[in-house]
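What follows is the content of protein.csv (CSV, C-alpha atoms and all ligand atoms).
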```
chain,number,residue,atom,x,y,z
A,756,MET,CA,11.2,59.4,52.4
A,757,HIS,CA,13.4,57.0,50.6
A,758,PHE,CA,17.1,57.0,51.4
A,759,LEU,CA,19.7,55.5,49.1
A,760,PRO,CA,17.3,54.8,46.3
A,761,GLN,CA,20.0,53.3,44.0
A,762,LEU,CA,20.6,50.5,46.5
A,763,PHE,CA,16.9,49.6,46.6
A,764,ALA,CA,16.8,49.7,42.8
A,765,ASN,CA,19.8,47.4,42.7
A,766,ASN,CA,18.2,45.1,45.2
A,767,ARG,CA,15.0,44.8,43.2
A,768,ILE,CA,16.9,44.0,40.0
A,769,TRP,CA,19.0,41.3,41.9
A,770,SER,CA,15.9,39.7,43.4
A,771,GLU,CA,14.1,39.6,40.1
A,772,GLN,CA,17.2,38.0,38.4
A,773,GLN,CA,17.4,35.3,41.1
A,774,VAL,CA,13.8,34.4,40.6
A,775,ARG,CA,14.1,34.4,36.9
A,776,ARG,CA,17.0,32.0,37.1
A,777,ASP,CA,15.4,29.8,39.7
A,778,PRO,CA,11.8,30.4,40.7
A,779,LYS,CA,12.1,28.5,44.0
A,780,TYR,CA,15.3,30.3,45.0
A,781,PHE,CA,14.1,32.3,48.0
A,782,GLU,CA,11.6,29.7,49.0
A,783,ARG,CA,14.4,27.2,49.4
A,784,LEU,CA,16.7,29.6,51.2
A,785,CYS,CA,14.0,30.4,53.7
A,786,GLU,CA,13.6,26.9,54.7
A,787,ILE,CA,17.1,26.1,55.8
A,788,GLN,CA,20.7,27.3,55.8
A,789,ARG,CA,23.3,24.5,55.7
A,790,PRO,CA,26.6,26.2,55.0
A,791,GLN,CA,29.7,24.1,55.0
A,792,TYR,CA,32.0,27.0,55.8
A,793,LEU,CA,32.6,29.6,58.4
A,794,TRP,CA,34.5,32.5,57.0
A,795,ILE,CA,36.4,34.8,59.4
A,796,GLY,CA,37.7,37.7,57.3
A,797,CYS,CA,38.5,41.4,57.4
A,798,SER,CA,35.8,44.0,57.1
A,799,ASP,CA,37.7,45.5,54.2
A,800,SER,CA,35.2,46.3,51.4
A,801,ARG,CA,37.5,44.8,48.8
A,802,VAL,CA,37.4,41.3,50.3
A,803,PRO,CA,33.8,40.1,50.0
A,804,ALA,CA,33.7,36.5,51.2
A,805,ASN,CA,31.0,35.0,49.0
A,806,THR,CA,32.3,36.7,45.9
A,807,ILE,CA,35.9,35.7,45.9
A,808,VAL,CA,35.2,32.0,46.6
A,809,GLY,CA,32.3,31.9,44.2
A,810,LEU,CA,29.7,30.8,46.8
A,811,ALA,CA,26.0,31.7,46.8
A,812,PRO,CA,23.9,32.9,49.7
A,813,GLY,CA,23.3,30.0,52.0
A,814,GLU,CA,26.8,28.5,51.4
A,815,VAL,CA,29.0,30.4,53.8
A,816,PHE,CA,28.5,31.7,57.3
A,817,VAL,CA,30.4,35.0,57.6
A,818,HIS,CA,32.1,36.9,60.4
A,819,ARG,CA,34.1,39.9,59.6
A,820,ASN,CA,35.9,42.5,61.7
A,821,VAL,CA,38.9,44.8,61.3
A,822,ALA,CA,41.9,42.6,60.4
A,823,ASN,CA,40.1,39.2,60.9
A,824,ILE,CA,40.9,38.9,64.6
A,825,VAL,CA,39.7,36.1,66.9
A,826,ARG,CA,39.6,37.1,70.5
A,827,PRO,CA,38.7,34.7,73.4
A,828,ASP,CA,37.0,37.8,75.0
A,829,ASP,CA,35.0,38.9,72.0
A,830,PRO,CA,31.4,37.7,72.5
A,831,ASN,CA,30.5,38.6,68.9
A,832,CYS,CA,33.1,36.3,67.4
A,833,LEU,CA,32.6,33.6,70.0
A,834,SER,CA,28.8,33.6,69.4
A,835,VAL,CA,29.3,33.2,65.6
A,836,LEU,CA,31.7,30.3,66.3
A,837,GLN,CA,29.3,28.6,68.7
A,838,TYR,CA,26.3,29.0,66.4
A,839,SER,CA,28.2,27.8,63.3
A,840,VAL,CA,29.9,24.9,65.0
A,841,ASP,CA,27.2,23.6,67.4
A,842,ILE,CA,24.0,24.4,65.4
A,843,LEU,CA,25.0,24.7,61.8
A,844,GLN,CA,27.6,21.9,62.2
A,845,ILE,CA,29.9,23.5,59.7
A,846,SER,CA,33.0,21.5,58.9
A,847,ASN,CA,35.5,24.1,57.8
A,848,ILE,CA,36.6,27.4,59.3
A,849,ILE,CA,38.5,29.7,57.1
A,850,VAL,CA,40.5,32.6,58.5
A,851,CYS,CA,41.2,34.8,55.6
A,852,GLY,CA,43.6,37.7,55.9
A,853,HIS,CA,44.5,40.0,53.0
A,854,TYR,CA,47.6,41.9,51.9
A,855,ARG,CA,47.4,45.7,52.2
A,856,CYS,CA,45.2,45.4,55.2
A,857,GLY,CA,44.7,48.8,56.9
A,858,GLY,CA,44.2,47.2,60.3
A,859,ILE,CA,47.6,45.5,60.0
A,860,GLN,CA,49.2,48.7,58.7
A,861,ALA,CA,47.8,50.5,61.7
A,862,ALA,CA,49.8,48.2,64.0
A,863,PHE,CA,53.0,49.8,62.6
A,864,GLY,CA,51.8,53.3,63.2
A,865,PRO,CA,51.1,55.7,66.1
A,866,PRO,CA,48.3,54.8,68.6
A,867,ALA,CA,44.8,55.3,67.2
A,868,ALA,CA,41.9,56.6,69.3
A,869,ASN,CA,40.0,54.0,71.3
A,870,PRO,CA,38.2,51.7,70.8
A,871,LEU,CA,40.1,51.1,67.6
A,872,GLU,CA,43.5,51.2,69.4
A,873,GLY,CA,42.3,48.5,71.8
A,874,TRP,CA,41.5,46.3,68.9
A,875,ILE,CA,44.8,47.0,67.1
A,876,SER,CA,46.7,46.3,70.2
A,877,HIS,CA,46.2,42.6,69.5
A,878,ILE,CA,48.0,43.0,66.2
A,879,ARG,CA,50.7,45.1,67.9
A,880,ALA,CA,51.3,42.1,70.2
A,881,ILE,CA,51.7,39.8,67.2
A,882,ARG,CA,54.1,42.2,65.6
A,883,ALA,CA,56.1,42.4,68.8
A,884,GLU,CA,56.2,38.6,69.1
A,885,HIS,CA,57.7,38.4,65.6
A,886,HIS,CA,59.9,41.4,65.9
A,887,ASP,CA,63.1,39.7,64.8
A,888,GLU,CA,61.7,38.1,61.7
A,889,LEU,CA,59.9,41.3,60.7
A,890,ALA,CA,63.0,43.4,61.3
A,891,SER,CA,65.0,41.1,59.0
A,892,LEU,CA,62.7,41.8,56.0
A,893,ASP,CA,63.7,44.4,53.5
A,894,GLY,CA,61.3,47.4,53.5
A,895,GLU,CA,58.0,48.5,55.0
A,896,THR,CA,55.8,46.7,52.4
A,897,ALA,CA,57.5,43.3,53.0
A,898,ARG,CA,57.0,43.7,56.8
A,899,TRP,CA,53.4,44.8,56.3
A,900,GLU,CA,52.7,41.8,54.1
A,901,ARG,CA,54.4,39.4,56.4
A,902,LEU,CA,52.4,40.7,59.4
A,903,CYS,CA,49.2,40.1,57.4
A,904,GLU,CA,50.2,36.5,57.1
A,905,LEU,CA,51.5,36.1,60.7
A,906,ASN,CA,48.2,37.6,62.0
A,907,VAL,CA,46.2,34.8,60.2
A,908,VAL,CA,48.5,32.2,61.8
A,909,ALA,CA,48.0,33.7,65.2
A,910,GLN,CA,44.2,33.6,64.9
A,911,ILE,CA,44.4,29.9,64.0
A,912,ARG,CA,46.4,29.3,67.1
A,913,ILE,CA,43.8,31.0,69.2
A,914,LEU,CA,40.8,29.3,67.5
A,915,ARG,CA,42.4,25.9,68.3
A,916,THR,CA,42.2,26.5,72.0
A,917,LEU,CA,38.6,27.8,72.2
A,918,PRO,CA,36.2,25.7,74.1
A,919,THR,CA,33.7,25.5,71.2
A,920,ILE,CA,36.3,24.1,68.9
A,921,VAL,CA,38.0,21.8,71.4
A,922,GLN,CA,34.7,20.3,72.5
A,923,ALA,CA,33.6,19.8,68.9
A,924,TRP,CA,36.8,17.8,68.3
A,925,GLN,CA,36.2,15.9,71.5
A,926,ARG,CA,32.7,14.9,70.3
A,927,GLY,CA,34.3,13.6,67.1
A,928,HIS,CA,32.9,16.5,65.0
A,929,SER,CA,35.0,16.6,61.8
A,930,LEU,CA,36.2,20.2,61.8
A,931,ALA,CA,39.1,21.8,60.1
A,932,ILE,CA,40.5,25.3,60.4
A,933,HIS,CA,42.4,26.9,57.6
A,934,GLY,CA,44.5,30.0,57.2
A,935,TRP,CA,44.4,31.8,53.9
A,936,ILE,CA,45.5,35.1,52.5
A,937,TYR,CA,43.9,37.1,49.7
A,938,ASP,CA,45.9,39.3,47.3
A,939,LEU,CA,44.0,42.4,46.3
A,940,ARG,CA,46.4,42.9,43.3
A,941,ASP,CA,45.3,39.8,41.4
A,942,GLY,CA,42.2,38.6,43.3
A,943,LEU,CA,43.8,35.3,44.2
A,944,LEU,CA,43.8,33.4,47.4
A,945,ARG,CA,46.8,31.6,48.8
A,946,ASP,CA,46.7,28.8,51.4
A,947,LEU,CA,49.1,29.5,54.2
A,948,GLU,CA,49.3,25.8,54.8
A,949,VAL,CA,48.5,26.0,58.5
A,950,SER,CA,45.4,23.9,58.5
A,951,VAL,CA,44.6,22.0,61.7
A,952,ASN,CA,41.9,19.4,62.5
A,953,LYS,CA,42.7,18.5,66.1
A,954,PRO,CA,43.7,20.2,69.4
A,955,ALA,CA,47.3,21.2,70.0
A,956,ARG,CA,49.1,18.7,72.0
B,1001,CO,CO,41.9,44.4,56.3
```
Rewrite the structure from the file as structure tokens, please.
Amino acid sequence: MHFLPQLFANNRIWSEQQVRRDPKYFERLCEIQRPQYLWIGCSDSRVPANTIVGLAPGEVFVHRNVANIVRPDDPNCLSVLQYSVDILQISNIIVCGHYRCGGIQAAFGPPAANPLEGWISHIRAIRAEHHDELASLDGETARWERLCELNVVAQIRILRTLPTIVQAWQRGHSLAIHGWIYDLRDGLLRDLEVSVNKPAR
């Protein structure tokens, strides 16, 4: 039995194209991965990390979840961080949110079922923290978009306090954390200009 045959057909074509372009392609990738970047992004199917920054396999280590959240109690995200910083020695962490994020929108809506609601509660907390600013904006879309940005900034703040990151900085590891937002409407990234490369004082 062969499920999803189209995907296997696509895969075969892709693999053959890679080898045609570069006969040693897979051989080289097998030997080592040395990405310079850790991408923490949303699971949204419209925001594929490698594609939108034009990076090939081997060039970016990727962690994605609903609404690109970094939680100090999430062993999945923390393990990705630990591996990418301590073992792969990546030098840039990018937290990339995106406008029209469904996870962010959910934080304006009624409670979802668990476990999703537990996850979204972290965004609800950021929304509450910025209540006044959000309330001052004109219209639902403006509030939604601003919370997409504020959520990225909040994750940077958390990352900066995590032991893996703090210890890397203490060891003199050159490591910068960046906050970006992606716009589905034109495919462009914007730097939120919240980059940090040392612990908060
Ligand atoms: Co999203």
Counting all atoms listed in the file, which of A:Arg926, A:Arg801, A:His818, A:His757 gets nearest to Tyr838 of chain A?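 With all atoms listed in the file as the atom set, the closest residue is A:His818.
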Any residue with an atom at most 12 Å from ligand CO 1001 (chain B) counts, using only C-alpha atoms and all ligand atoms. Which are they? Put them as a short mmCIF file (atom, residue, chain, number, x, y, z; two decimals) with C-alpha atoms, in the frame of the given file.
```cif
data_model
loop_
_atom_site.label_atom_id
_atom_site.label_comp_id
_atom_site.auth_asym_id
_atom_site.auth_seq_id
_atom_site.Cartn_x
_atom_site.Cartn_y
_atom_site.Cartn_z
CA ILE A 795 36.40 34.80 59.40
CA GLY A 796 37.70 37.70 57.30
CA CYS A 797 38.50 41.40 57.40
CA SER A 798 35.80 44.00 57.10
CA ASP A 799 37.70 45.50 54.20
CA SER A 800 35.20 46.30 51.40
CA ARG A 801 37.50 44.80 48.80
CA VAL A 802 37.40 41.30 50.30
CA PRO A 803 33.80 40.10 50.00
CA ARG A 819 34.10 39.90 59.60
CA ASN A 820 35.90 42.50 61.70
CA VAL A 821 38.90 44.80 61.30
CA ALA A 822 41.90 42.60 60.40
CA ASN A 823 40.10 39.20 60.90
CA ILE A 824 40.90 38.90 64.60
CA CYS A 851 41.20 34.80 55.60
CA GLY A 852 43.60 37.70 55.90
CA HIS A 853 44.50 40.00 53.00
CA TYR A 854 47.60 41.90 51.90
CA ARG A 855 47.40 45.70 52.20
CA CYS A 856 45.20 45.40 55.20
CA GLY A 857 44.70 48.80 56.90
CA GLY A 858 44.20 47.20 60.30
CA ILE A 859 47.60 45.50 60.00
CA GLN A 860 49.20 48.70 58.70
CA ALA A 861 47.80 50.50 61.70
CA ALA A 862 49.80 48.20 64.00
CA ILE A 875 44.80 47.00 67.10
CA ILE A 878 48.00 43.00 66.20
CA TRP A 899 53.40 44.80 56.30
CA GLU A 900 52.70 41.80 54.10
CA LEU A 902 52.40 40.70 59.40
CA CYS A 903 49.20 40.10 57.40
CA GLU A 904 50.20 36.50 57.10
CA ASN A 906 48.20 37.60 62.00
CA VAL A 907 46.20 34.80 60.20
CA ILE A 936 45.50 35.10 52.50
CA TYR A 937 43.90 37.10 49.70
CA ASP A 938 45.90 39.30 47.30
CA LEU A 939 44.00 42.40 46.30
#
```
Would you please work out which residue, of A:Gln791, A:Asn869, A:Asn766, A:Asn831, is nearest to Gln844 of chain A when using only C-alpha atoms? A:Gln791
Please provide the set of residues having any atom within 8 Å of segment 825-828 of chain A, restricted to all atoms listed in the file, with same-chain residues fewer than 2 positions apart removed, written as number ranges by chain. A: 823, 830, 832-833, 910, 913-914, 917
Provide the atom CA of His877 of chain A to atom CA of Val908 of chain A distance in Å, to one decimal place. 13.1 Å
Rank A:Asp946, A:Asp829, A:Glu814, A:Asp841 by their smallest atom-to-atom distance to Gln788 of chain A, using only C-alpha atoms, and report the top residue only. A:Glu814
If you count only C-alpha atoms, the residue of A:Val808, A:Val835, A:Val840, A:Leu871 closest to Thr919 of chain A turns out to be A:Val840
Computed interatomic separation between atom CA of Glu771 of chain A and atom CA of Leu843 of chain A (Å): 28.5 Å
Work out how far atom CA of Pro790 of chain A is from atom CA of Val815 of chain A, in Å to one decimal. 5.0 Å
Measuring atom to atom with all atoms listed in the file, identify which of A:Cys785, A:Ile849, A:Ile807, A:Leu943 is nearest to Leu836 of chain A.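 The answer is A:Ile849, which sits nearest to Leu836 of chain A.
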Would you mind telling me which residue in A:Thr916, A:Asn952, A:Gln761, A:Gln837 lies nearest to Ser929 of chain A when using all atoms listed in the file?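 Ranked by minimum distance to Ser929 of chain A, first place goes to A:Asn952.
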